[in-house]
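Text of the file final36.pdb, holding PDB, C-alpha atoms:
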```pdb
ATOM      1  CA  MET A 460       0.000   0.000   0.000  1.00  0.00           C
ATOM      2  CA  THR A 461       1.298   3.452  -0.797  1.00  0.00           C
ATOM      3  CA  ASN A 462       0.425   6.573   1.061  1.00  0.00           C
ATOM      4  CA  SER A 463       0.285  10.096  -0.247  1.00  0.00           C
ATOM      5  CA  PRO A 464       2.913  12.589   0.909  1.00  0.00           C
ATOM      6  CA  ALA A 465       2.249  14.593   4.036  1.00  0.00           C
ATOM      7  CA  ALA A 466      -0.455  17.161   3.555  1.00  0.00           C
ATOM      8  CA  PRO A 467       0.687  20.764   3.368  1.00  0.00           C
ATOM      9  CA  GLY A 468       0.424  22.352   6.787  1.00  0.00           C
ATOM     10  CA  THR A 469       0.258  18.964   8.550  1.00  0.00           C
ATOM     11  CA  ALA A 470       2.963  18.887  11.176  1.00  0.00           C
ATOM     12  CA  ALA A 471       4.309  15.487  12.122  1.00  0.00           C
ATOM     13  CA  VAL A 472       4.021  14.514  15.755  1.00  0.00           C
ATOM     14  CA  PRO A 473       7.733  14.096  16.592  1.00  0.00           C
ATOM     15  CA  ASP A 474       7.479  11.573  19.428  1.00  0.00           C
ATOM     16  CA  ALA A 475       4.701   9.473  17.890  1.00  0.00           C
ATOM     17  CA  GLY A 476       5.160   5.734  17.689  1.00  0.00           C
ATOM     18  CA  PRO A 477       3.149   2.796  16.366  1.00  0.00           C
ATOM     19  CA  GLN A 478       1.068   2.744  19.564  1.00  0.00           C
ATOM     20  CA  ASP A 479      -0.136   6.264  18.736  1.00  0.00           C
ATOM     21  CA  VAL A 480      -1.267   5.138  15.285  1.00  0.00           C
ATOM     22  CA  THR A 481      -3.063   2.188  16.872  1.00  0.00           C
ATOM     23  CA  ALA A 482      -4.772   4.524  19.347  1.00  0.00           C
ATOM     24  CA  ALA A 483      -5.918   6.818  16.526  1.00  0.00           C
ATOM     25  CA  LEU A 484      -7.244   3.832  14.569  1.00  0.00           C
ATOM     26  CA  ALA A 485      -9.066   2.623  17.700  1.00  0.00           C
ATOM     27  CA  ARG A 486     -10.703   6.046  18.056  1.00  0.00           C
ATOM     28  CA  ILE A 487     -11.859   6.075  14.413  1.00  0.00           C
ATOM     29  CA  THR A 488     -13.022   2.462  14.470  1.00  0.00           C
ATOM     30  CA  ALA A 489     -14.822   2.858  17.807  1.00  0.00           C
ATOM     31  CA  GLU A 490     -16.671   5.892  16.482  1.00  0.00           C
ATOM     32  CA  VAL A 491     -17.808   3.903  13.439  1.00  0.00           C
ATOM     33  CA  MET A 492     -18.805   0.922  15.599  1.00  0.00           C
ATOM     34  CA  LYS A 493     -20.404   3.110  18.287  1.00  0.00           C
ATOM     35  CA  VAL A 494     -18.274   1.628  21.082  1.00  0.00           C
ATOM     36  CA  GLU A 495     -15.541   3.012  23.311  1.00  0.00           C
ATOM     37  CA  PRO A 496     -11.953   2.890  21.959  1.00  0.00           C
ATOM     38  CA  GLU A 497     -10.891   1.091  25.148  1.00  0.00           C
ATOM     39  CA  ASP A 498     -13.223  -1.778  24.167  1.00  0.00           C
ATOM     40  CA  LEU A 499     -11.068  -2.570  21.116  1.00  0.00           C
ATOM     41  CA  ALA A 500      -7.920  -4.509  21.950  1.00  0.00           C
ATOM     42  CA  PRO A 501      -5.124  -4.012  19.402  1.00  0.00           C
ATOM     43  CA  ASP A 502      -4.957  -7.736  18.620  1.00  0.00           C
ATOM     44  CA  ALA A 503      -8.715  -8.408  18.678  1.00  0.00           C
ATOM     45  CA  ASN A 504     -10.380  -9.608  15.495  1.00  0.00           C
ATOM     46  CA  LEU A 505     -12.660  -6.650  14.877  1.00  0.00           C
ATOM     47  CA  VAL A 506     -15.109  -8.755  12.877  1.00  0.00           C
ATOM     48  CA  HIS A 507     -15.684 -10.832  16.019  1.00  0.00           C
ATOM     49  CA  CYS A 508     -16.276  -7.538  17.851  1.00  0.00           C
ATOM     50  CA  GLY A 509     -19.055  -6.556  15.441  1.00  0.00           C
ATOM     51  CA  LEU A 510     -17.200  -4.815  12.603  1.00  0.00           C
ATOM     52  CA  GLY A 511     -18.894  -5.507   9.282  1.00  0.00           C
ATOM     53  CA  SER A 512     -18.107  -4.616   5.687  1.00  0.00           C
ATOM     54  CA  LEU A 513     -20.049  -1.354   5.859  1.00  0.00           C
ATOM     55  CA  GLU A 514     -18.083  -0.278   8.920  1.00  0.00           C
ATOM     56  CA  ILE A 515     -14.794  -1.193   7.207  1.00  0.00           C
ATOM     57  CA  MET A 516     -15.807   1.025   4.275  1.00  0.00           C
ATOM     58  CA  ARG A 517     -16.513   3.852   6.722  1.00  0.00           C
ATOM     59  CA  VAL A 518     -13.086   3.437   8.350  1.00  0.00           C
ATOM     60  CA  VAL A 519     -11.476   3.480   4.891  1.00  0.00           C
ATOM     61  CA  GLY A 520     -13.424   6.644   4.077  1.00  0.00           C
ATOM     62  CA  ALA A 521     -12.197   8.329   7.252  1.00  0.00           C
ATOM     63  CA  LEU A 522      -8.609   7.360   6.471  1.00  0.00           C
ATOM     64  CA  ARG A 523      -8.874   8.627   2.908  1.00  0.00           C
ATOM     65  CA  ARG A 524     -10.362  11.929   4.091  1.00  0.00           C
ATOM     66  CA  ALA A 525      -7.276  12.260   6.292  1.00  0.00           C
ATOM     67  CA  GLY A 526      -5.093  11.757   3.213  1.00  0.00           C
ATOM     68  CA  ILE A 527      -4.101   8.177   3.961  1.00  0.00           C
ATOM     69  CA  ALA A 528      -4.355   5.572   1.213  1.00  0.00           C
ATOM     70  CA  ALA A 529      -6.270   2.573   2.488  1.00  0.00           C
ATOM     71  CA  GLY A 530      -8.326  -0.147   0.890  1.00  0.00           C
ATOM     72  CA  VAL A 531     -11.247  -2.238   2.070  1.00  0.00           C
ATOM     73  CA  ARG A 532      -9.524  -5.456   1.012  1.00  0.00           C
ATOM     74  CA  GLU A 533      -6.390  -4.638   3.011  1.00  0.00           C
ATOM     75  CA  LEU A 534      -8.330  -3.892   6.167  1.00  0.00           C
ATOM     76  CA  ALA A 535     -10.741  -6.807   5.782  1.00  0.00           C
ATOM     77  CA  THR A 536      -7.933  -9.318   5.207  1.00  0.00           C
ATOM     78  CA  GLU A 537      -6.449  -8.738   8.679  1.00  0.00           C
ATOM     79  CA  PRO A 538      -9.125  -7.011  10.760  1.00  0.00           C
ATOM     80  CA  THR A 539      -7.066  -6.039  13.791  1.00  0.00           C
ATOM     81  CA  LEU A 540      -5.812  -2.638  14.852  1.00  0.00           C
ATOM     82  CA  GLU A 541      -2.268  -4.024  14.989  1.00  0.00           C
ATOM     83  CA  ALA A 542      -2.424  -5.209  11.365  1.00  0.00           C
ATOM     84  CA  TRP A 543      -3.965  -1.938  10.226  1.00  0.00           C
ATOM     85  CA  THR A 544      -1.176  -0.049  11.987  1.00  0.00           C
ATOM     86  CA  ARG A 545       1.442  -2.128  10.150  1.00  0.00           C
ATOM     87  CA  HIS A 546      -0.265  -1.399   6.813  1.00  0.00           C
ATOM     88  CA  LEU A 547      -0.388   2.334   7.438  1.00  0.00           C
ATOM     89  CA  LEU A 548       3.251   2.445   8.513  1.00  0.00           C
ATOM     90  CA  GLU A 549       4.498   0.740   5.341  1.00  0.00           C
ATOM     91  CA  GLY A 550       4.798   4.056   3.522  1.00  0.00           C
ATOM     92  CA  GLN A 551       4.946   6.710   6.251  1.00  0.00           C
ATOM     93  CA  SER A 552       6.326   7.285   9.690  1.00  0.00           C
ATOM     94  CA  ALA A 553       4.181   7.011  12.791  1.00  0.00           C
ATOM     95  CA  ALA A 554       4.645  10.747  13.277  1.00  0.00           C
ATOM     96  CA  GLU A 555       3.192  11.529   9.843  1.00  0.00           C
ATOM     97  CA  VAL A 556       0.264   9.131  10.187  1.00  0.00           C
ATOM     98  CA  THR A 557      -0.568  10.355  13.686  1.00  0.00           C
ATOM     99  CA  ALA A 558      -0.552  13.958  12.512  1.00  0.00           C
ATOM    100  CA  ARG A 559      -2.967  13.127   9.696  1.00  0.00           C
ATOM    101  CA  LEU A 560      -5.319  11.286  12.056  1.00  0.00           C
ATOM    102  CA  ALA A 561      -5.248  13.952  14.766  1.00  0.00           C
TER     103      ALA A 561
END
```
What is this structure when it is put down as structure tokens?
Amino acid sequence: MTNSPAAPGTAAVPDAGPQDVTAALARITAEVMKVEPEDLAPDANLVHCGLGSLEIMRVVGALRRAGIAAGVRELATEPTLEAWTRHLLEGQSAAEVTARLA
């Protein structure tokens, strides 16, 4: 997966790490699923937690609006926050991704 360059005016979060990306993904996913972010463990299969294809499309939409390239197939193949974090960090740093999702 490739990600677009950092958006103009988007400042990277210098001390951000993968856990910050995972936390941002949990916030987005929880909002879509109408649950609390704390209810979503990073290694939990989100489908088993109630995430369906429509919700995955909504998460993808939120990521794309933030300027992050993401696909339904990629997220559906490994539906965990940890796997999604790995995918997002393939083309950008945690600092860049976290800034986009802030």
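Put simply, the PyMOL selection byres ((chain A and resi 525) around 10) on this file hits Ala466, Val519, Gly520, Ala521, Leu522, Arg523, Arg524, Gly526, Ile527, Ala528, Val556, Ala558, Arg559, Leu560 and Ala561 of chain A.
Taken over the shown file, the PyMOL selection byres ((chain A and resi 536) around 12) identifies Asn504, Leu505, Val506, Ser512, Ile515, Gly530, Val531, Arg532, Glu533, Leu534, Ala535, Glu537, Pro538, Thr539, Leu540, Ala542, Trp543 and His546 of chain A.
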Checklist entry - From the set A:Thr488, A:Ala483, A:Leu547, A:Glu497, which residue has the shortest atom-to-atom contact distance to A:Gly509, counting only C-alpha atoms? => result A:Thr488
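Atom to atom, atom CA of A:Gly476 and atom CA of A:Leu513 stand 28.7 Å apart.
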Checklist entry - What does the distance from atom CA of A:Gln551 to atom CA of A:His507 come to in Å, to one decimal? => result 28.8 Å
